[in-house]
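Coordinates as given in model.cif (mmCIF, C-alpha atoms and all ligand atoms):
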data_coords
#
loop_
_atom_site.label_atom_id
_atom_site.label_comp_id
_atom_site.auth_asym_id
_atom_site.auth_seq_id
_atom_site.Cartn_x
_atom_site.Cartn_y
_atom_site.Cartn_z
CA MET M 1 10.20 15.51 29.47
CA VAL M 2 7.38 14.86 27.02
CA ILE M 3 6.96 17.58 24.40
CA LEU M 4 3.46 17.66 22.97
CA ARG M 5 3.32 19.06 19.45
CA VAL M 6 0.13 20.83 18.53
CA ALA M 7 -0.72 20.29 14.85
CA SER M 8 -0.91 23.53 12.84
CA VAL M 9 -4.17 22.57 11.20
CA GLU M 10 -6.69 20.15 12.65
CA LEU M 11 -10.09 19.03 11.42
CA TRP M 12 -12.50 16.95 13.48
CA ASN M 13 -15.48 15.32 11.89
CA VAL M 14 -15.93 18.16 9.39
CA VAL M 15 -19.12 18.02 7.37
CA VAL M 16 -19.91 20.50 4.59
CA ARG M 17 -23.36 20.45 3.06
CA LEU M 18 -23.78 22.13 -0.33
CA GLY M 19 -26.70 21.98 -2.72
CA GLY M 20 -28.56 19.62 -0.38
CA ARG M 21 -25.85 16.97 -0.08
CA ASP M 22 -22.78 16.30 2.06
CA VAL M 23 -19.76 17.29 0.03
CA LEU M 24 -17.45 16.55 2.98
CA LYS M 25 -18.61 13.63 5.10
CA GLY M 26 -16.97 13.80 8.51
CA VAL M 27 -13.35 14.55 7.63
CA THR M 28 -10.82 14.21 10.45
CA ALA M 29 -7.21 15.11 9.68
CA SER M 30 -4.25 16.96 11.09
CA PHE M 31 -1.32 18.68 9.45
CA GLU M 32 1.99 19.63 11.04
CA PRO M 33 4.61 21.99 9.59
CA GLY M 34 5.76 20.50 6.29
CA VAL M 35 4.21 19.76 2.92
CA HIS M 36 1.05 17.72 2.53
CA VAL M 37 -1.01 16.75 -0.49
CA VAL M 38 -4.75 16.16 -0.67
CA LEU M 39 -5.50 13.82 -3.56
CA GLY M 40 -8.79 12.95 -5.20
CA ARG M 41 -10.62 12.91 -8.50
CA ASN M 42 -12.67 15.87 -9.75
CA GLY M 43 -15.47 16.61 -7.31
CA ALA M 44 -13.95 14.57 -4.44
CA GLY M 45 -14.08 17.59 -2.11
CA LYS M 46 -10.47 18.88 -2.17
CA THR M 47 -11.31 22.54 -2.72
CA THR M 48 -14.11 22.34 -0.16
CA LEU M 49 -11.65 20.98 2.40
CA LEU M 50 -9.32 23.95 1.85
CA ARG M 51 -12.25 26.36 2.00
CA ALA M 52 -13.29 24.94 5.36
CA ILE M 53 -9.78 25.55 6.73
CA ALA M 54 -9.80 29.10 5.31
CA GLY M 55 -13.24 29.76 6.84
CA LEU M 56 -14.77 30.31 3.40
CA VAL M 57 -17.56 27.78 3.70
CA LYS M 58 -20.03 26.87 6.43
CA PHE M 59 -19.12 23.59 8.12
CA TYR M 60 -20.19 21.34 10.99
CA GLY M 61 -17.54 19.85 13.27
CA GLU M 62 -14.37 21.66 14.26
CA VAL M 63 -11.43 23.22 12.43
CA ARG M 64 -8.45 24.64 14.32
CA VAL M 65 -5.50 26.61 12.99
CA LEU M 66 -2.51 26.92 15.32
CA GLY M 67 -4.76 25.75 18.14
CA LYS M 68 -7.45 28.39 17.51
CA SER M 69 -10.94 27.50 16.42
CA VAL M 70 -11.62 28.94 12.95
CA ARG M 71 -15.16 29.81 14.03
CA GLY M 72 -13.87 32.02 16.82
CA LEU M 73 -11.49 33.99 14.60
CA GLY M 74 -12.41 37.19 12.77
CA ARG M 75 -11.77 37.35 9.02
CA ARG M 76 -8.60 39.42 9.37
CA GLU M 77 -7.27 37.30 12.23
CA LEU M 78 -7.77 34.10 10.24
CA ALA M 79 -6.31 35.61 7.07
CA ARG M 80 -3.16 36.51 9.00
CA LEU M 81 -2.69 32.82 9.74
CA VAL M 82 -3.91 31.22 6.54
CA ALA M 83 -3.08 32.06 2.92
CA TYR M 84 -5.53 30.66 0.40
CA CYS M 85 -4.52 30.41 -3.23
CA TRP M 86 -7.62 29.84 -5.36
CA GLN M 87 -7.83 27.04 -7.89
CA ASN M 88 -9.24 29.66 -10.26
CA PRO M 89 -6.94 32.63 -9.53
CA TYR M 90 -9.28 35.19 -11.12
CA TYR M 91 -11.84 34.61 -8.32
CA GLY M 92 -9.49 36.17 -5.78
CA PHE M 93 -8.66 39.40 -7.65
CA ILE M 94 -10.10 42.62 -6.27
CA GLU M 95 -7.86 45.42 -7.56
CA ALA M 96 -7.44 47.26 -10.86
CA THR M 97 -3.72 46.57 -11.32
CA VAL M 98 -1.39 43.71 -10.51
CA GLU M 99 0.77 45.96 -8.31
CA ASP M 100 -2.28 47.04 -6.29
CA GLU M 101 -3.32 43.38 -6.09
CA VAL M 102 -0.06 42.22 -4.51
CA ARG M 103 0.04 45.29 -2.22
CA ALA M 104 -3.59 44.83 -1.15
CA ILE M 105 -2.91 41.81 1.01
CA LEU M 106 -0.78 43.89 3.41
CA ARG M 107 -3.54 46.50 3.73
CA ILE M 108 -6.21 43.83 4.22
CA LEU M 109 -4.21 42.09 6.92
CA GLY M 110 -3.07 45.36 8.50
CA VAL M 111 0.57 44.19 8.57
CA GLU M 112 3.92 45.59 7.45
CA GLY M 113 5.75 43.79 4.68
CA ASP M 114 7.67 44.20 1.46
CA TRP M 115 5.33 43.79 -1.54
CA ARG M 116 8.33 43.81 -3.87
CA VAL M 117 9.12 40.17 -3.01
CA ALA M 118 6.21 39.51 -5.39
CA GLU M 119 8.69 40.19 -8.20
CA LEU M 120 10.26 36.79 -7.47
CA LEU M 121 7.14 35.31 -9.09
CA VAL M 122 5.62 38.11 -11.16
CA PRO M 123 7.55 39.79 -14.00
CA LYS M 124 7.87 43.56 -13.42
CA GLU M 125 6.26 44.37 -16.77
CA LEU M 126 2.97 42.85 -15.57
CA MET M 127 2.68 45.13 -12.53
CA GLY M 128 0.64 47.82 -14.34
CA ARG M 129 -1.82 45.36 -15.96
CA ASP M 130 -5.44 44.74 -15.02
CA PRO M 131 -5.37 41.28 -13.31
CA ALA M 132 -8.47 40.26 -15.28
CA THR M 133 -6.46 40.52 -18.52
CA LEU M 134 -3.69 38.15 -17.43
CA SER M 135 -3.15 34.75 -19.00
CA GLY M 136 -3.99 31.76 -16.78
CA GLY M 137 -0.35 31.13 -15.83
CA GLU M 138 0.31 34.83 -15.16
CA ALA M 139 -2.79 35.02 -12.96
CA LYS M 140 -1.71 31.93 -11.01
CA ARG M 141 1.68 33.55 -10.34
CA VAL M 142 0.03 36.76 -9.09
CA SER M 143 -2.27 34.86 -6.73
CA MET M 144 0.69 32.97 -5.25
CA ALA M 145 2.81 36.13 -5.00
CA SER M 146 0.32 37.50 -2.46
CA MET M 147 1.18 34.60 -0.13
CA LEU M 148 4.85 35.37 -0.47
CA VAL M 149 4.17 39.03 0.43
CA ALA M 150 1.94 38.24 3.42
CA ASP M 151 4.11 35.34 4.68
CA GLN M 152 1.39 33.57 6.70
CA PRO M 153 2.33 30.36 8.57
CA VAL M 154 -0.25 28.18 6.78
CA TRP M 155 -0.46 28.04 3.00
CA LEU M 156 -3.34 26.40 1.15
CA LEU M 157 -2.55 25.85 -2.52
CA ASP M 158 -5.47 24.66 -4.61
CA GLU M 159 -4.12 22.92 -7.73
CA PRO M 160 -1.10 25.26 -7.88
CA PHE M 161 0.29 23.87 -11.14
CA THR M 162 -2.79 24.49 -13.26
CA TYR M 163 -2.05 26.70 -16.30
CA LEU M 164 1.68 26.86 -15.62
CA ASP M 165 4.43 26.18 -18.14
CA ARG M 166 7.67 24.46 -17.20
CA GLU M 167 9.23 27.65 -15.82
CA GLY M 168 6.11 28.40 -13.78
CA VAL M 169 5.98 24.85 -12.43
CA GLU M 170 9.62 25.13 -11.33
CA ALA M 171 8.91 28.50 -9.68
CA VAL M 172 6.03 27.01 -7.68
CA ALA M 173 8.12 23.98 -6.69
CA LYS M 174 10.78 26.40 -5.38
CA LEU M 175 8.12 28.42 -3.56
CA ILE M 176 6.88 25.29 -1.79
CA GLU M 177 10.45 24.34 -0.85
CA TYR M 178 10.98 27.85 0.54
CA ALA M 179 7.83 27.47 2.64
CA ARG M 180 8.96 24.09 3.95
CA LYS M 181 12.33 25.53 4.99
CA LYS M 182 10.58 28.39 6.78
CA GLY M 183 8.58 25.88 8.82
CA LYS M 184 5.23 26.65 7.24
CA THR M 185 2.40 24.18 6.93
CA VAL M 186 1.64 23.79 3.23
CA ILE M 187 -1.43 21.89 2.03
CA VAL M 188 -1.57 21.27 -1.71
CA THR M 189 -4.49 19.76 -3.60
CA LEU M 190 -3.84 17.67 -6.71
CA HIS M 191 -6.30 15.78 -8.93
CA GLU M 192 -3.49 13.62 -10.27
CA VAL M 193 -0.14 12.59 -8.81
CA PHE M 194 2.09 13.74 -11.66
CA TYR M 195 3.25 16.93 -9.91
CA ALA M 196 3.60 15.37 -6.47
CA SER M 197 7.19 14.35 -7.16
CA LEU M 198 8.02 18.06 -7.47
CA VAL M 199 6.21 18.93 -4.25
CA LYS M 200 8.01 16.19 -2.29
CA PRO M 201 5.14 15.79 0.17
CA ASP M 202 5.67 14.56 3.71
CA THR M 203 2.14 13.15 3.96
CA PHE M 204 -0.97 12.55 1.84
CA ILE M 205 -4.71 12.37 2.30
CA ALA M 206 -6.80 10.49 -0.25
CA LEU M 207 -10.35 11.80 -0.59
CA ASP M 208 -13.17 9.99 -2.31
CA SER M 209 -16.73 11.36 -2.49
CA GLY M 210 -16.03 13.68 0.43
CA ALA M 211 -14.51 11.07 2.76
CA VAL M 212 -10.90 10.30 3.70
CA VAL M 213 -10.22 6.78 2.43
CA ALA M 214 -6.48 6.68 3.18
CA SER M 215 -3.80 8.88 4.72
CA GLY M 216 -0.22 8.58 5.92
CA ARG M 217 3.39 9.24 5.00
CA TRP M 218 3.89 9.96 1.31
CA SER M 219 6.21 6.95 1.01
CA GLU M 220 3.30 4.74 2.13
CA LEU M 221 0.97 5.80 -0.70
CA SER M 222 0.29 2.73 -2.82
CA ASP M 223 -0.87 2.31 -6.40
CA LYS M 224 -3.80 0.36 -4.96
CA THR M 225 -4.92 3.46 -3.04
CA LEU M 226 -4.51 5.63 -6.13
CA ASN M 227 -6.59 3.21 -8.19
CA SER M 228 -9.25 3.07 -5.48
CA ILE M 229 -9.77 6.86 -5.62
CA GLY M 230 -9.81 6.90 -9.41
CA LEU M 231 -6.32 8.31 -9.92
CA VAL M 232 -3.73 6.90 -12.25
CA PRO M 233 -0.74 5.36 -10.44
CA ARG M 234 2.59 7.14 -10.61
CA GLY M 235 4.31 6.84 -13.98
CA ALA M 236 1.35 5.03 -15.56
CA LEU M 237 -0.56 8.01 -16.99
CA CYS M 238 0.40 7.48 -20.63
CA ALA M 239 0.19 3.71 -20.44
CA THR M 240 -3.39 4.04 -19.13
CA LEU M 241 -4.66 6.81 -21.37
CA CYS M 242 -2.89 5.74 -24.57
CA SER M 243 -3.85 2.06 -24.50
N1 LIG F 1 -21.97 25.82 -3.94
C1 LIG F 1 -22.14 24.53 -4.29
N2 LIG F 1 -23.41 24.03 -4.45
C2 LIG F 1 -23.58 22.72 -4.78
N3 LIG F 1 -22.57 21.85 -4.96
C3 LIG F 1 -21.33 22.31 -4.82
C4 LIG F 1 -21.05 23.67 -4.48
N4 LIG F 1 -19.70 23.83 -4.41
C5 LIG F 1 -19.17 22.63 -4.69
N5 LIG F 1 -20.14 21.72 -4.94
C6 LIG F 1 -19.94 20.30 -5.28
O1 LIG F 1 -19.16 19.70 -4.27
C7 LIG F 1 -18.33 18.67 -4.82
C8 LIG F 1 -16.91 18.89 -4.37
O2 LIG F 1 -16.43 20.08 -4.96
P1 LIG F 1 -14.92 20.49 -4.85
O3 LIG F 1 -14.78 21.77 -5.60
O4 LIG F 1 -14.52 20.49 -3.43
O5 LIG F 1 -14.19 19.30 -5.60
P2 LIG F 1 -12.66 19.12 -5.98
O6 LIG F 1 -12.21 17.84 -5.39
O7 LIG F 1 -11.90 20.33 -5.62
O8 LIG F 1 -12.72 18.93 -7.56
P3 LIG F 1 -11.73 19.43 -8.74
O9 LIG F 1 -10.64 18.38 -8.86
O10 LIG F 1 -12.60 19.44 -9.96
O11 LIG F 1 -11.21 20.78 -8.39
C9 LIG F 1 -18.53 18.74 -6.33
O12 LIG F 1 -19.43 17.73 -6.71
C10 LIG F 1 -19.14 20.12 -6.55
O13 LIG F 1 -19.97 20.16 -7.69
MG MG F 2 -10.90 21.75 -6.68
#
Could I get this file's structure written as structure tokens?
Ligand SMILES: Nc1ncnc2c1ncn2[C@@H]1O[C@H](COP(=O)(O)OP(=O)(O)OP(=O)(O)O)[C@@H](O)[C@H]1O
Ligand SMILES: [Mg+2]
Amino acid sequence: MVILRVASVELWNVVVRLGGRDVLKGVTASFEPGVHVVLGRNGAGKTTLLRAIAGLVKFYGEVRVLGKSVRGLGRRELARLVAYCWQNPYYGFIEATVEDEVRAILRILGVEGDWRVAELLVPKELMGRDPATLSGGEAKRVSMASMLVADQPVWLLDEPFTYLDREGVEAVAKLIEYARKKGKTVIVTLHEVFYASLVKPDTFIALDSGAVVASGRWSELSDKTLNSIGLVPRGALCATLCS
């Protein structure tokens, strides 16, 4: 018997036009359950790619999540499938306290859940604070805690390590491992490969000027590809920048 696996997230010839130019130029990609990284220099189109999957930007072409066309899904329906963790966490905040912020996702999605799992990432003493007053690392933790509370099958993490100290980085690495074990599809953007060893990706996509220039198993990613998209090869960051 042949078992056909449907990819969790699929993009066909996705074009996004912003400010009069194509920021994504016909991206075709598919992601199965597991952990995947999207690599590219600043402005390559990584965030735009995640926004297309989350239905947050107008696109041409087709995007499907768990076999359903993103265009055909209502906001709530799509948000039940896809968690989107903003590169700038402050953009996503809508409530007056951190506790209300992590509880809000359940109300928005209209699902039952235990908001207290957020405390795995967010210290209790922050729960009464206005999210706008949080430090960058604290805000990043709060934005990721909402995904943990809502438990969607697809997680989009836009530069998840930004702002975080060592403890925060370890917490996010554990979160990604938890998601992998639960069979989620996790797509992580990175503008350099330093943190990829913590993420232990199954696959990669290399973006350059809005186009996919290479993709494959993580073990197949070469220094040549990294150089070609303007990233510093693994382990060579200091040697390059300090010379
Ligand atoms: N609303 C917009 N209007 C015009 N240009 C935009 C808009 N949003 C994004 N862009 C441009 O699209 C390009 C891709 O942006 P995007 O945020 O996807 O890049 P990125 O790969 O995530 O970069 P970074 O590593 O800095 O986060 C950039 O040149 C950006 O300036
Ligand atoms: Mg970005």
Taking all atoms of ligand LIG 1 (chain F) that the file lists and extending 3 Å past them on each side, where is the centre of the axis-aligned box and how long are its edges? Answer in Å to one decimal, as JSON.
{"center_x": -17.1, "center_y": 21.8, "center_z": -6.7, "size_x": 18.9, "size_y": 14.1, "size_z": 12.5}
>> At a cut-off of 10 Å around ligand MG 2 (chain F), and using all atoms listed in the file, what residues come up? Please write them as a ChimeraX atom specification.
In response: /M:40-51,86-88,158-159,189-191
> Could you pull the residues within 12 Å of Val188 (chain M), counting all atoms listed in the file, minus those fewer than 5 positions along the same chain, as an MDAnalysis selection string?
Replying inline: chainID M and resid 31 34:40 46:47 49:50 83:87 154:161 172:173 176 193 195:196 198:205
> Quick one: residues within 9 Å of Ala79 (chain M), only C-alpha atoms counted, chain neighbours fewer than 5 positions away excluded, as a PyMOL selection string?
Replying inline: chain M and resi 54+74+84+108-109+152
> Which residues come within 10 Å of Ser143 (chain M), counting all atoms listed in the file, excluding same-chain residues fewer than 2 positions away, as a PyMOL selection string?
Replying inline: chain M and resi 84-93+98+101-102+118+121-122+131+138-141+145-148+157+160
> So which one's closest to ligand LIG 1 (chain F), M:Ala171, M:Met144, M:Leu126, M:Leu207? Using all atoms listed in the file, please.
Replying inline: M:Leu207
> What does the distance between CA of Val149 (chain M) and CA of Lys184 (chain M) come to in Å, to one decimal place?
Replying inline: 14.2 Å
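Across the structure, CA of Gly19 (chain M) and CA of Gly210 (chain M) are spaced 13.9 Å apart.
Remark: for ligand LIG 1 (chain F), the closest of the candidate residues M:Lys224, M:Arg217, M:Arg103, M:Lys25 is M:Lys25 (distances computed over all atoms listed in the file).
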> With distances taken over all atoms listed in the file, which of M:Leu56, M:Val27, M:Leu18, M:Met127 is nearest to ligand LIG 1 (chain F)?
Replying inline: M:Leu18
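Of the listed residues M:Ile229, M:Thr185, M:Leu120, M:Asp114, the one whose atoms come nearest to Val212 (chain M) is M:Ile229, with distances taken using all atoms listed in the file.
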> In Å to one decimal, how far is CA of Arg107 (chain M) from CA of Arg180 (chain M)?
Replying inline: 25.7 Å
Asp100 (chain M) surroundings by only C-alpha atoms, 10 Å radius, close-in-sequence under 3 positions cut, as a PDB file with C-alpha atoms, in the coordinates of the input:
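What landed in part_28.pdb:
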ATOM      1  CA  ILE M  94     -10.100  42.620  -6.270  1.00  0.00           C
ATOM      2  CA  GLU M  95      -7.860  45.420  -7.560  1.00  0.00           C
ATOM      3  CA  ALA M  96      -7.440  47.260 -10.860  1.00  0.00           C
ATOM      4  CA  THR M  97      -3.720  46.570 -11.320  1.00  0.00           C
ATOM      5  CA  ARG M 103       0.040  45.290  -2.220  1.00  0.00           C
ATOM      6  CA  ALA M 104      -3.590  44.830  -1.150  1.00  0.00           C
ATOM      7  CA  ILE M 105      -2.910  41.810   1.010  1.00  0.00           C
ATOM      8  CA  TRP M 115       5.330  43.790  -1.540  1.00  0.00           C
ATOM      9  CA  MET M 127       2.680  45.130 -12.530  1.00  0.00           C
ATOM     10  CA  GLY M 128       0.640  47.820 -14.340  1.00  0.00           C
ATOM     11  CA  ARG M 129      -1.820  45.360 -15.960  1.00  0.00           C
ATOM     12  CA  ASP M 130      -5.440  44.740 -15.020  1.00  0.00           C
ATOM     13  CA  PRO M 131      -5.370  41.280 -13.310  1.00  0.00           C
TER      14      PRO M 131
END
> With distances taken over only C-alpha atoms and all ligand atoms, which of M:Val9, M:Ala150, M:Gly20, M:Val65 is nearest to ligand LIG 1 (chain F)?
Replying inline: M:Gly20
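The smallest atom-to-atom distance between Ser228 (chain M) and any of M:Leu81, M:Val186, M:Val213, M:Val15, using all atoms listed in the file, is found for M:Val213.
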Can you pull out the residues contacting Asn13 (chain M)? Cut-off 8 Å, using only C-alpha atoms, and skip same-chain residues under 5 positions away; I want them as a compact mmCIF listing (two decimals) with C-alpha atoms, in the coordinates of the input.
# COMPACT_ATOMS: atom_id res chain seq x y z
CA LYS M 25 -18.61 13.63 5.10
CA GLY M 26 -16.97 13.80 8.51
CA VAL M 27 -13.35 14.55 7.63
CA THR M 28 -10.82 14.21 10.45
CA TYR M 60 -20.19 21.34 10.99
CA GLY M 61 -17.54 19.85 13.27
CA GLU M 62 -14.37 21.66 14.26
Atoms added to region 200-223 of chain M (N, CA and C atoms), reported as a tab-separated table (two decimals), in the frame of the given file:
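Okay, part08.tsv is ready:
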chain	number	residue	atom	x	y	z
M	200	LYS	N	7.36	17.03	-3.32
M	200	LYS	CA	8.01	16.19	-2.29
M	200	LYS	C	7.22	16.22	-0.98
M	201	PRO	N	6.01	15.70	-1.02
M	201	PRO	CA	5.14	15.79	0.17
M	201	PRO	C	5.67	14.93	1.32
M	202	ASP	N	5.38	15.38	2.53
M	202	ASP	CA	5.67	14.56	3.71
M	202	ASP	C	4.54	13.56	3.92
M	203	THR	N	3.29	14.03	3.74
M	203	THR	CA	2.14	13.15	3.96
M	203	THR	C	1.11	13.34	2.84
M	204	PHE	N	0.13	12.44	2.81
M	204	PHE	CA	-0.97	12.55	1.84
M	204	PHE	C	-2.29	12.24	2.54
M	205	ILE	N	-3.34	12.78	1.94
M	205	ILE	CA	-4.71	12.37	2.30
M	205	ILE	C	-5.40	12.03	1.00
M	206	ALA	N	-6.04	10.89	0.94
M	206	ALA	CA	-6.80	10.49	-0.25
M	206	ALA	C	-8.28	10.67	0.04
M	207	LEU	N	-8.92	11.53	-0.76
M	207	LEU	CA	-10.35	11.80	-0.59
M	207	LEU	C	-11.14	11.11	-1.68
M	208	ASP	N	-12.27	10.55	-1.30
M	208	ASP	CA	-13.17	9.99	-2.31
M	208	ASP	C	-14.60	10.32	-1.90
M	209	SER	N	-15.33	10.96	-2.77
M	209	SER	CA	-16.73	11.36	-2.49
M	209	SER	C	-16.85	12.01	-1.11
M	210	GLY	N	-15.92	12.90	-0.79
M	210	GLY	CA	-16.03	13.68	0.43
M	210	GLY	C	-15.56	12.99	1.70
M	211	ALA	N	-14.99	11.78	1.57
M	211	ALA	CA	-14.51	11.07	2.76
M	211	ALA	C	-13.03	10.74	2.60
M	212	VAL	N	-12.32	10.70	3.73
M	212	VAL	CA	-10.90	10.30	3.70
M	212	VAL	C	-10.87	8.78	3.63
M	213	VAL	N	-10.28	8.24	2.56
M	213	VAL	CA	-10.22	6.78	2.43
M	213	VAL	C	-8.83	6.24	2.77
M	214	ALA	N	-7.83	7.10	2.78
M	214	ALA	CA	-6.48	6.68	3.18
M	214	ALA	C	-5.68	7.93	3.53
M	215	SER	N	-4.69	7.77	4.39
M	215	SER	CA	-3.80	8.88	4.72
M	215	SER	C	-2.53	8.30	5.31
M	216	GLY	N	-1.47	9.07	5.32
M	216	GLY	CA	-0.22	8.58	5.92
M	216	GLY	C	0.98	9.28	5.34
M	217	ARG	N	2.16	8.69	5.58
M	217	ARG	CA	3.39	9.24	5.00
M	217	ARG	C	3.32	9.09	3.49
M	218	TRP	N	3.93	10.01	2.78
M	218	TRP	CA	3.89	9.96	1.31
M	218	TRP	C	4.48	8.65	0.80
M	219	SER	N	5.55	8.18	1.46
M	219	SER	CA	6.21	6.95	1.01
M	219	SER	C	5.29	5.72	1.15
M	220	GLU	N	4.23	5.87	1.93
M	220	GLU	CA	3.30	4.74	2.13
M	220	GLU	C	2.15	4.72	1.12
M	221	LEU	N	2.08	5.74	0.27
M	221	LEU	CA	0.97	5.80	-0.70
M	221	LEU	C	1.14	4.71	-1.76
M	222	SER	N	0.15	3.85	-1.89
M	222	SER	CA	0.29	2.73	-2.82
M	222	SER	C	-0.51	2.97	-4.10
M	223	ASP	N	-0.12	2.26	-5.14
M	223	ASP	CA	-0.87	2.31	-6.40
M	223	ASP	C	-2.30	1.82	-6.18
